[in-house]
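Below: the structure, in structure tokens.
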Amino acid sequence: MKKLAVTLILAMTALSAAAQQPPTPDAQIAAMKKLDYMAGKWVGEGWMQMGPQRSTFRGSETIQRKLDGTALLVEGAFFGKKPGSDVEVPVHTTLAVISYDPKGQKYDFATWLATGTSGDHVLTLTDKGWWWDLTTPGGKVKYTMTLTEAGEWLEIGEWSSDGAQWRKFFEMKLKKE
């Protein structure tokens, strides 16, 4: 009888421990593998135009796999010259985390800028890249990244006040080192 009681207690303890184990992140890792091509350092240049004057920049996006492949850490550092100066200053400094939510079946894209702006967005995969958008007080902004035939990261940013007509205000082209 004592052996039976001990066996039952051990079995219940094992079941209890198994029930407390977190689920394995297999679905997250499988989904994130679709973005494996992004890992590494990408360097290049681009431009942005928020008002009448277009400014150019150069820099990099450094992307690392984190948490056993369940997330990507994206760090962007871009520099440009102030008008009338040869001194380069930071013009676009970013940090982001991309992860996959298996319950919602979507990619989460959490972003932070050096300006203090941050947001939580949905990253939508396409055949050749991805896109994400955000709503602003004056309309909508959409960023689209395409992996070109040459293996370049081509990203454009567009703004629309009505969701029908879009104006490009940002473009960058990066090559993987």
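Chain lettering (A, B, ...) mirrors the order of the structure tokens, residue numbering begins at 1 for each chain separately, and ligand numbering begins at 1 in order of display.
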So which residues of stretch 26-97 of chain A fall under strand (DSSP E) by DSSP, listed as a ChimeraX atom specification? /A:40-48,55-66,71-81,88-97
Would you mind exporting C-alpha atoms of the selected residues as a short mmCIF file (atom, residue, chain, number, x, y, z; two decimals), in the first residue's frame?
data_model
loop_
_atom_site.label_atom_id
_atom_site.label_comp_id
_atom_site.auth_asym_id
_atom_site.auth_seq_id
_atom_site.Cartn_x
_atom_site.Cartn_y
_atom_site.Cartn_z
CA GLY A 40 23.23 40.62 -40.20
CA LYS A 41 24.48 44.11 -40.88
CA TRP A 42 23.04 46.11 -43.75
CA VAL A 43 24.71 49.35 -44.91
CA GLY A 44 23.69 51.99 -47.40
CA GLU A 45 22.09 55.35 -47.93
CA GLY A 46 18.84 57.09 -48.52
CA TRP A 47 16.84 60.29 -48.29
CA MET A 48 13.86 61.72 -46.48
CA SER A 55 18.00 65.45 -46.73
CA THR A 56 20.26 62.52 -47.47
CA PHE A 57 21.74 60.04 -45.02
CA ARG A 58 23.95 57.00 -44.81
CA GLY A 59 24.19 54.32 -42.18
CA SER A 60 23.22 50.82 -41.19
CA GLU A 61 20.62 48.44 -39.83
CA THR A 62 22.05 45.74 -37.56
CA ILE A 63 19.70 42.81 -37.05
CA GLN A 64 20.27 40.04 -34.53
CA ARG A 65 18.35 36.89 -33.68
CA LYS A 66 17.43 36.89 -29.98
CA ALA A 71 12.66 37.59 -31.82
CA LEU A 72 14.75 39.89 -33.99
CA LEU A 73 16.43 42.98 -32.57
CA VAL A 74 16.74 45.74 -35.18
CA GLU A 75 19.05 48.70 -34.58
CA GLY A 76 19.26 51.52 -37.11
CA ALA A 77 21.86 54.30 -37.09
CA PHE A 78 21.81 56.83 -39.91
CA PHE A 79 23.82 60.04 -40.27
CA GLY A 80 23.56 63.10 -42.49
CA LYS A 81 25.10 66.53 -42.85
CA GLU A 88 27.63 64.46 -39.91
CA VAL A 89 25.02 64.15 -37.19
CA PRO A 90 22.52 61.42 -36.33
CA VAL A 91 19.33 61.91 -38.37
CA HIS A 92 17.49 58.63 -37.89
CA THR A 93 18.27 56.39 -34.90
CA THR A 94 15.94 53.46 -34.30
CA LEU A 95 15.43 50.36 -32.22
CA ALA A 96 12.82 47.70 -32.91
CA VAL A 97 11.84 44.18 -31.93
#
Out of chain A, which residues get helix (DSSP H, G or I) from DSSP, as a ChimeraX atom specification? /A:2-20,26-38,67-69
If we count only C-alpha atoms and set the cut-off at 10 Å, which residues sit around A:Gly139, ignoring sequence neighbours fewer than 5 positions away in its own chain? Please answer as a PyMOL selection string. chain A and resi 134+159-163
For stretch 136-170 of chain A versus stretch 99-123 of chain A, which residues have an atom no more than 12 Å away, and what is each residue's nearest atom pair and distance in Å rounded to one decimal, using only C-alpha atoms, chain-then-number order, as a Markdown table?
| residue | atom | partner | partner_atom | distance |
| --- | --- | --- | --- | --- |
| A:Thr136 | CA | A:Gly119 | CA | 11.5 |
| A:Val141 | CA | A:His121 | CA | 11.8 |
| A:Lys142 | CA | A:Leu123 | CA | 10.8 |
| A:Tyr143 | CA | A:Leu123 | CA | 9.8 |
| A:Thr144 | CA | A:Leu123 | CA | 9.9 |
| A:Met145 | CA | A:Leu123 | CA | 10.6 |
Can you measure atom CA of A:Trp132 to atom CA of A:Gly157 for me? One decimal in Å is fine. 9.8 Å
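If you look at atom CA of A:Trp153 and atom CA of A:Met38, they are 9.0 Å away from each other.
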What's the 7 Å shell around A:Leu147, counting only C-alpha atoms, without same-chain residues fewer than 3 positions away, as number ranges by chain? A: 128-129, 151-154
Just the number, please: distance in Å from atom CA of A:Ile156 to atom CA of A:Glu171, one decimal.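 Here the two named atoms are 4.4 Å from each other.
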Which residues, written as a ChimeraX atom specification, have at least one atom at most 7 Å from A:Met32, with only C-alpha atoms counted and residues fewer than 4 positions away on the same chain left out? /A:28,36,69-70,100
